[in-house]
Amino acid sequence: MRNRTKTSKFLSLILRHRPQEIGITLDQHGWAKVEELLKGAEISMEELEEIVAADEKQRYSFNEDKTRIRANQGHSIPVDLELDEKEPPEFLYHGTIGKFLASIREQGLQKQKRQYVHLSKDVETAVKVGQRRGKPMVLQIAAGRMRTDGYVFYLSDNGVWLTKEVPASYIKFPG
């Protein structure tokens with residue numbers, strides 16, 4: 001098998017941002033036909049199943065008969081992931097790096113090019129997220145208070161909490 005990490009990142013790019021690069025389309029809920037993905041990505045079903053099973057972040061989901069696949073969240077293209085509103089815990093966390101803190105203090109957490117702001121259930125996960133770009137900084141989000149104030153939260157299939165925005169007034173900054 002070719003480099004699994006490289007192939008997984010490529011699949012993430014295709015299923016979250018640019019399906020047209022390999023000539024596939026996603027339906028309104030983000031599902032792609034596995035047969036088309038295999039052909040376009042030039043991988044076998046065995047390789048795809050291994051990537052899905054081994055992905056520690058559980059980025060992908062198959063439908064029941066493994067004829068369709070989608071990314072669980074992180075899309076920059078509009079898809080309806082059919083998520084139900086969920087009651088968040090009192091606090092959630094967001095991993096970032098220092099260079100973004102000034103902007104976050106001003107504007108809060110914004111979804112940027114994605115459909116949602118991504119939040120973690122624990123500090124450890126937020127640290128891992130922040131480490132991808134440098135020295136991690138973990139922000140504590142008053143999710144329970146946000147929910148009381150009318151903000152909506154969703155929980156993706158792989159355990160990532162999602163919301164449209166997090167105003168700075170709900171964020172506890174490090175230090």
# chains A, B, ... in the order shown; residues from 1 in each chain; ligands from 1
$ closest_atom_pairs --of "range 83-132 of chain A" --to "range 36-57 of chain A" --cutoff "12 Å" --atoms "only C-alpha atoms" --output "CSV"
residue,atom,partner,partner_atom,distance
A:Ser120,CA,A:Lys57,CA,11.7
A:Thr125,CA,A:Lys57,CA,10.0
A:Lys128,CA,A:Lys57,CA,10.7
A:Val129,CA,A:Lys57,CA,10.4
$ residues_around --residues "Leu13 in chain A" --least-positions-apart "4" --cutoff "10 Å" --atoms "only C-alpha atoms" --output "count of residues only"
11
$ atom_distance --atom1 "CA of Arg105 in chain A" --atom2 "CA of Met146 in chain A"
16.6 Å
$ select_by_dssp --residues "chain A" --states "helix (DSSP H, G or I)" --output "ChimeraX atom specification"
/A:4-16,19-22,34-41,45-54,98-107,123-131,143-148,168-170
$ residues_around --residues "Val117 in chain A" --least-positions-apart "4" --cutoff "12 Å" --atoms "only C-alpha atoms" --output "PDB file with N, CA, C and O atoms, in the first residue's frame"
ATOM      1  N   GLN A  73     -16.856  15.674   9.386  1.00  0.00           N
ATOM      2  CA  GLN A  73     -17.010  17.120   9.552  1.00  0.00           C
ATOM      3  C   GLN A  73     -15.814  17.798   8.910  1.00  0.00           C
ATOM      4  O   GLN A  73     -14.950  17.156   8.369  1.00  0.00           O
ATOM      5  N   GLY A  74     -15.810  19.140   8.933  1.00  0.00           N
ATOM      6  CA  GLY A  74     -14.689  19.906   8.407  1.00  0.00           C
ATOM      7  C   GLY A  74     -14.856  20.362   6.970  1.00  0.00           C
ATOM      8  O   GLY A  74     -13.911  20.837   6.355  1.00  0.00           O
ATOM      9  N   HIS A  75     -16.043  20.246   6.435  1.00  0.00           N
ATOM     10  CA  HIS A  75     -16.286  20.627   5.047  1.00  0.00           C
ATOM     11  C   HIS A  75     -16.187  22.137   4.832  1.00  0.00           C
ATOM     12  O   HIS A  75     -16.664  22.914   5.649  1.00  0.00           O
ATOM     13  N   SER A  76     -15.608  22.518   3.707  1.00  0.00           N
ATOM     14  CA  SER A  76     -15.638  23.916   3.302  1.00  0.00           C
ATOM     15  C   SER A  76     -16.687  24.114   2.210  1.00  0.00           C
ATOM     16  O   SER A  76     -16.963  25.229   1.801  1.00  0.00           O
ATOM     17  N   LEU A  92     -16.278  23.160  26.885  1.00  0.00           N
ATOM     18  CA  LEU A  92     -15.612  22.505  25.775  1.00  0.00           C
ATOM     19  C   LEU A  92     -14.289  23.235  25.575  1.00  0.00           C
ATOM     20  O   LEU A  92     -14.044  24.268  26.214  1.00  0.00           O
ATOM     21  N   TYR A  93     -13.460  22.742  24.675  1.00  0.00           N
ATOM     22  CA  TYR A  93     -12.110  23.295  24.524  1.00  0.00           C
ATOM     23  C   TYR A  93     -11.768  23.461  23.052  1.00  0.00           C
ATOM     24  O   TYR A  93     -12.284  22.739  22.190  1.00  0.00           O
ATOM     25  N   HIS A  94     -10.881  24.413  22.794  1.00  0.00           N
ATOM     26  CA  HIS A  94     -10.432  24.665  21.429  1.00  0.00           C
ATOM     27  C   HIS A  94      -8.919  24.815  21.431  1.00  0.00           C
ATOM     28  O   HIS A  94      -8.386  25.644  22.162  1.00  0.00           O
ATOM     29  N   GLY A  95      -8.240  24.019  20.614  1.00  0.00           N
ATOM     30  CA  GLY A  95      -6.795  24.104  20.496  1.00  0.00           C
ATOM     31  C   GLY A  95      -6.399  25.038  19.376  1.00  0.00           C
ATOM     32  O   GLY A  95      -6.928  24.959  18.267  1.00  0.00           O
ATOM     33  N   THR A  96      -5.485  25.942  19.668  1.00  0.00           N
ATOM     34  CA  THR A  96      -4.996  26.897  18.680  1.00  0.00           C
ATOM     35  C   THR A  96      -3.536  27.184  18.980  1.00  0.00           C
ATOM     36  O   THR A  96      -2.915  26.476  19.769  1.00  0.00           O
ATOM     37  N   GLY A 108     -13.728  36.475  18.550  1.00  0.00           N
ATOM     38  CA  GLY A 108     -14.194  35.169  18.985  1.00  0.00           C
ATOM     39  C   GLY A 108     -13.717  34.106  18.006  1.00  0.00           C
ATOM     40  O   GLY A 108     -12.869  34.368  17.151  1.00  0.00           O
ATOM     41  N   LEU A 109     -14.239  32.909  18.136  1.00  0.00           N
ATOM     42  CA  LEU A 109     -13.902  31.826  17.210  1.00  0.00           C
ATOM     43  C   LEU A 109     -14.892  31.854  16.057  1.00  0.00           C
ATOM     44  O   LEU A 109     -16.106  31.795  16.268  1.00  0.00           O
ATOM     45  N   GLN A 110     -14.357  31.946  14.859  1.00  0.00           N
ATOM     46  CA  GLN A 110     -15.170  31.977  13.645  1.00  0.00           C
ATOM     47  C   GLN A 110     -14.938  30.693  12.855  1.00  0.00           C
ATOM     48  O   GLN A 110     -13.860  30.107  12.910  1.00  0.00           O
ATOM     49  N   LYS A 111     -15.924  30.293  12.085  1.00  0.00           N
ATOM     50  CA  LYS A 111     -15.818  29.045  11.325  1.00  0.00           C
ATOM     51  C   LYS A 111     -14.845  29.143  10.162  1.00  0.00           C
ATOM     52  O   LYS A 111     -14.467  28.120   9.595  1.00  0.00           O
ATOM     53  N   GLN A 112     -14.420  30.346   9.807  1.00  0.00           N
ATOM     54  CA  GLN A 112     -13.507  30.562   8.684  1.00  0.00           C
ATOM     55  C   GLN A 112     -14.104  29.956   7.420  1.00  0.00           C
ATOM     56  O   GLN A 112     -15.221  30.254   7.079  1.00  0.00           O
ATOM     57  N   LYS A 113     -13.378  29.076   6.758  1.00  0.00           N
ATOM     58  CA  LYS A 113     -13.863  28.489   5.500  1.00  0.00           C
ATOM     59  C   LYS A 113     -14.685  27.226   5.732  1.00  0.00           C
ATOM     60  O   LYS A 113     -15.204  26.646   4.787  1.00  0.00           O
ATOM     61  N   ILE A 141     -14.142  26.970  26.578  1.00  0.00           N
ATOM     62  CA  ILE A 141     -15.384  27.547  26.050  1.00  0.00           C
ATOM     63  C   ILE A 141     -16.528  27.262  27.015  1.00  0.00           C
ATOM     64  O   ILE A 141     -16.756  26.112  27.386  1.00  0.00           O
ATOM     65  N   VAL A 152     -26.582  26.946  19.312  1.00  0.00           N
ATOM     66  CA  VAL A 152     -26.870  25.555  18.981  1.00  0.00           C
ATOM     67  C   VAL A 152     -25.560  24.777  18.847  1.00  0.00           C
ATOM     68  O   VAL A 152     -24.591  25.269  18.260  1.00  0.00           O
ATOM     69  N   PHE A 153     -25.544  23.557  19.379  1.00  0.00           N
ATOM     70  CA  PHE A 153     -24.386  22.670  19.298  1.00  0.00           C
ATOM     71  C   PHE A 153     -24.792  21.347  18.662  1.00  0.00           C
ATOM     72  O   PHE A 153     -25.915  20.877  18.828  1.00  0.00           O
ATOM     73  N   TYR A 154     -23.832  20.775  17.947  1.00  0.00           N
ATOM     74  CA  TYR A 154     -24.004  19.468  17.330  1.00  0.00           C
ATOM     75  C   TYR A 154     -22.805  18.625  17.725  1.00  0.00           C
ATOM     76  O   TYR A 154     -21.727  19.140  18.016  1.00  0.00           O
ATOM     77  N   LEU A 155     -22.989  17.308  17.709  1.00  0.00           N
ATOM     78  CA  LEU A 155     -21.906  16.380  17.986  1.00  0.00           C
ATOM     79  C   LEU A 155     -21.738  15.494  16.759  1.00  0.00           C
ATOM     80  O   LEU A 155     -22.655  14.761  16.386  1.00  0.00           O
ATOM     81  N   SER A 156     -20.565  15.583  16.095  1.00  0.00           N
ATOM     82  CA  SER A 156     -20.337  14.789  14.888  1.00  0.00           C
ATOM     83  C   SER A 156     -20.159  13.315  15.254  1.00  0.00           C
ATOM     84  O   SER A 156     -19.940  12.972  16.407  1.00  0.00           O
ATOM     85  N   VAL A 160     -16.540  15.226  17.623  1.00  0.00           N
ATOM     86  CA  VAL A 160     -16.168  16.640  17.591  1.00  0.00           C
ATOM     87  C   VAL A 160     -17.430  17.471  17.785  1.00  0.00           C
ATOM     88  O   VAL A 160     -18.443  17.253  17.122  1.00  0.00           O
ATOM     89  N   TRP A 161     -17.359  18.432  18.708  1.00  0.00           N
ATOM     90  CA  TRP A 161     -18.482  19.336  18.946  1.00  0.00           C
ATOM     91  C   TRP A 161     -18.426  20.463  17.926  1.00  0.00           C
ATOM     92  O   TRP A 161     -17.351  20.992  17.625  1.00  0.00           O
ATOM     93  N   LEU A 162     -19.572  20.827  17.394  1.00  0.00           N
ATOM     94  CA  LEU A 162     -19.657  21.829  16.334  1.00  0.00           C
ATOM     95  C   LEU A 162     -20.656  22.912  16.702  1.00  0.00           C
ATOM     96  O   LEU A 162     -21.718  22.627  17.275  1.00  0.00           O
ATOM     97  N   THR A 163     -20.322  24.159  16.370  1.00  0.00           N
ATOM     98  CA  THR A 163     -21.235  25.281  16.516  1.00  0.00           C
ATOM     99  C   THR A 163     -20.855  26.325  15.476  1.00  0.00           C
ATOM    100  O   THR A 163     -19.749  26.282  14.929  1.00  0.00           O
ATOM    101  N   LYS A 164     -21.740  27.251  15.193  1.00  0.00           N
ATOM    102  CA  LYS A 164     -21.489  28.222  14.121  1.00  0.00           C
ATOM    103  C   LYS A 164     -20.453  29.279  14.496  1.00  0.00           C
ATOM    104  O   LYS A 164     -19.734  29.770  13.636  1.00  0.00           O
ATOM    105  N   GLU A 165     -20.385  29.650  15.768  1.00  0.00           N
ATOM    106  CA  GLU A 165     -19.434  30.670  16.221  1.00  0.00           C
ATOM    107  C   GLU A 165     -19.313  30.606  17.728  1.00  0.00           C
ATOM    108  O   GLU A 165     -20.177  30.046  18.401  1.00  0.00           O
ATOM    109  N   VAL A 166     -18.244  31.186  18.256  1.00  0.00           N
ATOM    110  CA  VAL A 166     -18.076  31.310  19.696  1.00  0.00           C
ATOM    111  C   VAL A 166     -17.624  32.750  19.980  1.00  0.00           C
ATOM    112  O   VAL A 166     -16.462  33.097  19.754  1.00  0.00           O
ATOM    113  N   PRO A 167     -18.543  33.612  20.423  1.00  0.00           N
ATOM    114  CA  PRO A 167     -18.151  34.970  20.765  1.00  0.00           C
ATOM    115  C   PRO A 167     -17.084  34.975  21.868  1.00  0.00           C
ATOM    116  O   PRO A 167     -17.063  34.099  22.729  1.00  0.00           O
TER     117      PRO A 167
END
$ closest_residue --among "A:Ala32, A:Leu139, A:Ile24, A:Ala102" --to "Val127 in chain A" --atoms "only C-alpha atoms"
A:Leu139
$ residues_around --residues "Thr148 in chain A" --least-positions-apart "3" --cutoff "12 Å" --atoms "only C-alpha atoms" --output "PyMOL selection string"
chain A and resi 87-90+142-145+151-153+170
$ write_last_selection --atoms "N, CA and C atoms" --output "short mmCIF file (atom, residue, chain, number, x, y, z; two decimals), in the first residue's frame"
data_model
loop_
_atom_site.label_atom_id
_atom_site.label_comp_id
_atom_site.auth_asym_id
_atom_site.auth_seq_id
_atom_site.Cartn_x
_atom_site.Cartn_y
_atom_site.Cartn_z
N GLU A 87 -27.06 18.73 23.69
CA GLU A 87 -26.75 19.51 24.88
C GLU A 87 -25.27 19.34 25.17
N PRO A 88 -24.49 20.41 25.08
CA PRO A 88 -23.06 20.26 25.33
C PRO A 88 -22.75 20.17 26.81
N PRO A 89 -21.56 19.70 27.16
CA PRO A 89 -21.14 19.76 28.57
C PRO A 89 -20.93 21.23 28.96
N GLU A 90 -20.74 21.47 30.22
CA GLU A 90 -20.56 22.85 30.70
C GLU A 90 -19.40 23.55 29.99
N ALA A 142 -17.24 28.30 27.41
CA ALA A 142 -18.40 28.15 28.31
C ALA A 142 -19.61 27.68 27.49
N ALA A 143 -19.55 26.43 27.07
CA ALA A 143 -20.57 25.87 26.17
C ALA A 143 -21.95 25.80 26.83
N GLY A 144 -21.99 25.45 28.11
CA GLY A 144 -23.28 25.39 28.80
C GLY A 144 -23.97 26.75 28.83
N ARG A 145 -23.20 27.79 29.11
CA ARG A 145 -23.74 29.15 29.13
C ARG A 145 -24.16 29.58 27.72
N TYR A 151 -27.34 29.46 21.72
CA TYR A 151 -26.45 28.91 20.69
C TYR A 151 -26.71 27.42 20.53
N VAL A 152 -26.58 26.95 19.31
CA VAL A 152 -26.87 25.55 18.98
C VAL A 152 -25.56 24.78 18.85
N PHE A 153 -25.54 23.56 19.38
CA PHE A 153 -24.39 22.67 19.30
C PHE A 153 -24.79 21.35 18.66
N TYR A 170 -17.46 34.20 25.72
CA TYR A 170 -17.63 32.84 26.21
C TYR A 170 -16.30 32.08 26.30
#
